[in-house]
Each structure stands twice: as structure tokens, then as C-alpha cells.
Amino acid sequence: RLRIDPCIPRGWREFEINYRRGATTYRIKVENPHSLCRGIERVFLDGLDQSSDEIALVDDGQIHEVRILMGEKVVVEESESANSETAQTEEAR
């Protein structure tokens with residue numbers, strides 16, 4: 001697994017790197033729209049939103065696209081999610 005936790009100068013708005021593992025290449029693009037020095041809001045692997053800041057590395061000979069958006073992670077607590085679902089169900093009645 002590749003743990004993503006960049007710490008960069010605030011002035012860096014974005015950067016890209018290529019990371020190789022065996023015959024596999026990971027094209028990693030880090031976007032920093034809010035001029036932060038650290039913090040991950042979202043991680044995408046091949047266009048799919050990831051649930052964590054880790055990427056499972058595979059050696060499949062393919063090229064994979066990783067997009068990292070720096071920012072504050074928005075966390076929805078279970079109780080908030082359940083309250084929202086209950087309110088939506090009650091409105092539908």
C-alpha cells in the first residue's frame with residue numbers, strides 16, 4: 001500500500017510525479033487549490049473516489065492515474081447520516 005500524506009510548500013498549486021512498482025506506473029497528480037501545506041480531502045484512483053488515503057499497489061503492468069485533492073476531509077458521522085435518512089423518509093410520507 002502507498003500511504004498518501006504530502007507536506008508541500010503552500011505556494012505549490014499542483015505537481016505531478018510518476019511512481020513505478022515493477023512493471024506498473026502510477027501517474028500521480030496532487031492538486032492544492034487552497035494553498036495548504038498538508039491535508040488530503042479526496043483521493044481518486046483511475047477516476048474512482050477512494051475511501052481512504054491509501055492506494056493498494058499492484059504489479060499488473062498497467063498505467064494507473066491517481067488524483068489527490070488537498071484540503072480538509074469532510075467526515076459525515078453515522079448519527080448525522082442516519083438522522084438525514086430518517087428526515088428524508090418522513091418527508092416522503
# chains A, B, ... in the order shown; residues from 1 in each chain; ligands from 1

$ residues_around --residues "Lys73 of chain A" --least-positions-apart "3" --cutoff "8 Å" --atoms "only C-alpha atoms" --output "number ranges by chain"
A: 39-42

$ write_last_selection --atoms "all heavy atoms" --output "PDB file, in the first residue's frame"
ATOM      1  N   GLY A  39      -2.769  17.927   4.276  1.00  0.00           N
ATOM      2  CA  GLY A  39      -4.179  17.560   4.415  1.00  0.00           C
ATOM      3  C   GLY A  39      -4.745  17.025   3.113  1.00  0.00           C
ATOM      4  O   GLY A  39      -4.545  17.616   2.057  1.00  0.00           O
ATOM      5  N   ILE A  40      -5.412  15.904   3.172  1.00  0.00           N
ATOM      6  CA  ILE A  40      -5.992  15.265   1.994  1.00  0.00           C
ATOM      7  C   ILE A  40      -7.512  15.291   2.104  1.00  0.00           C
ATOM      8  O   ILE A  40      -8.087  14.770   3.060  1.00  0.00           O
ATOM      9  CB  ILE A  40      -5.528  13.800   1.872  1.00  0.00           C
ATOM     10  CG1 ILE A  40      -4.011  13.711   1.803  1.00  0.00           C
ATOM     11  CG2 ILE A  40      -6.177  13.125   0.668  1.00  0.00           C
ATOM     12  CD1 ILE A  40      -3.422  14.361   0.594  1.00  0.00           C
ATOM     13  N   GLU A  41      -8.162  15.910   1.132  1.00  0.00           N
ATOM     14  CA  GLU A  41      -9.622  15.919   1.089  1.00  0.00           C
ATOM     15  C   GLU A  41     -10.144  14.667   0.400  1.00  0.00           C
ATOM     16  O   GLU A  41     -11.046  14.002   0.897  1.00  0.00           O
ATOM     17  CB  GLU A  41     -10.115  17.163   0.359  1.00  0.00           C
ATOM     18  CG  GLU A  41     -11.610  17.277   0.297  1.00  0.00           C
ATOM     19  CD  GLU A  41     -12.074  18.539  -0.421  1.00  0.00           C
ATOM     20  OE1 GLU A  41     -11.333  19.530  -0.464  1.00  0.00           O
ATOM     21  OE2 GLU A  41     -13.198  18.514  -0.944  1.00  0.00           O
ATOM     22  N   ARG A  42      -9.577  14.340  -0.771  1.00  0.00           N
ATOM     23  CA  ARG A  42     -10.059  13.190  -1.544  1.00  0.00           C
ATOM     24  C   ARG A  42      -8.920  12.581  -2.338  1.00  0.00           C
ATOM     25  O   ARG A  42      -7.989  13.270  -2.743  1.00  0.00           O
ATOM     26  CB  ARG A  42     -11.162  13.610  -2.504  1.00  0.00           C
ATOM     27  CG  ARG A  42     -12.371  14.161  -1.750  1.00  0.00           C
ATOM     28  CD  ARG A  42     -13.387  14.681  -2.661  1.00  0.00           C
ATOM     29  NE  ARG A  42     -14.221  13.567  -3.131  1.00  0.00           N
ATOM     30  CZ  ARG A  42     -15.273  13.729  -3.895  1.00  0.00           C
ATOM     31  NH1 ARG A  42     -15.613  14.926  -4.298  1.00  0.00           N
ATOM     32  NH2 ARG A  42     -16.001  12.723  -4.271  1.00  0.00           N
TER      33      ARG A  42
END

$ residues_around --residues "Gly47 of chain A" --least-positions-apart "3" --cutoff "9 Å" --atoms "only C-alpha atoms" --output "VMD selection string"
chain A and resid 44 65 to 67

$ closest_residue --among "A:Pro6, A:Gly11, A:Gly22, A:Pro33" --to "Asp53 of chain A" --atoms "only C-alpha atoms"
A:Pro6

$ residues_around --residues "Asp60 of chain A" --least-positions-apart "3" --cutoff "10 Å" --atoms "only C-alpha atoms" --output "JSON, numbers by chain"
{"A": [21, 22, 23, 24, 25, 57, 63, 64]}
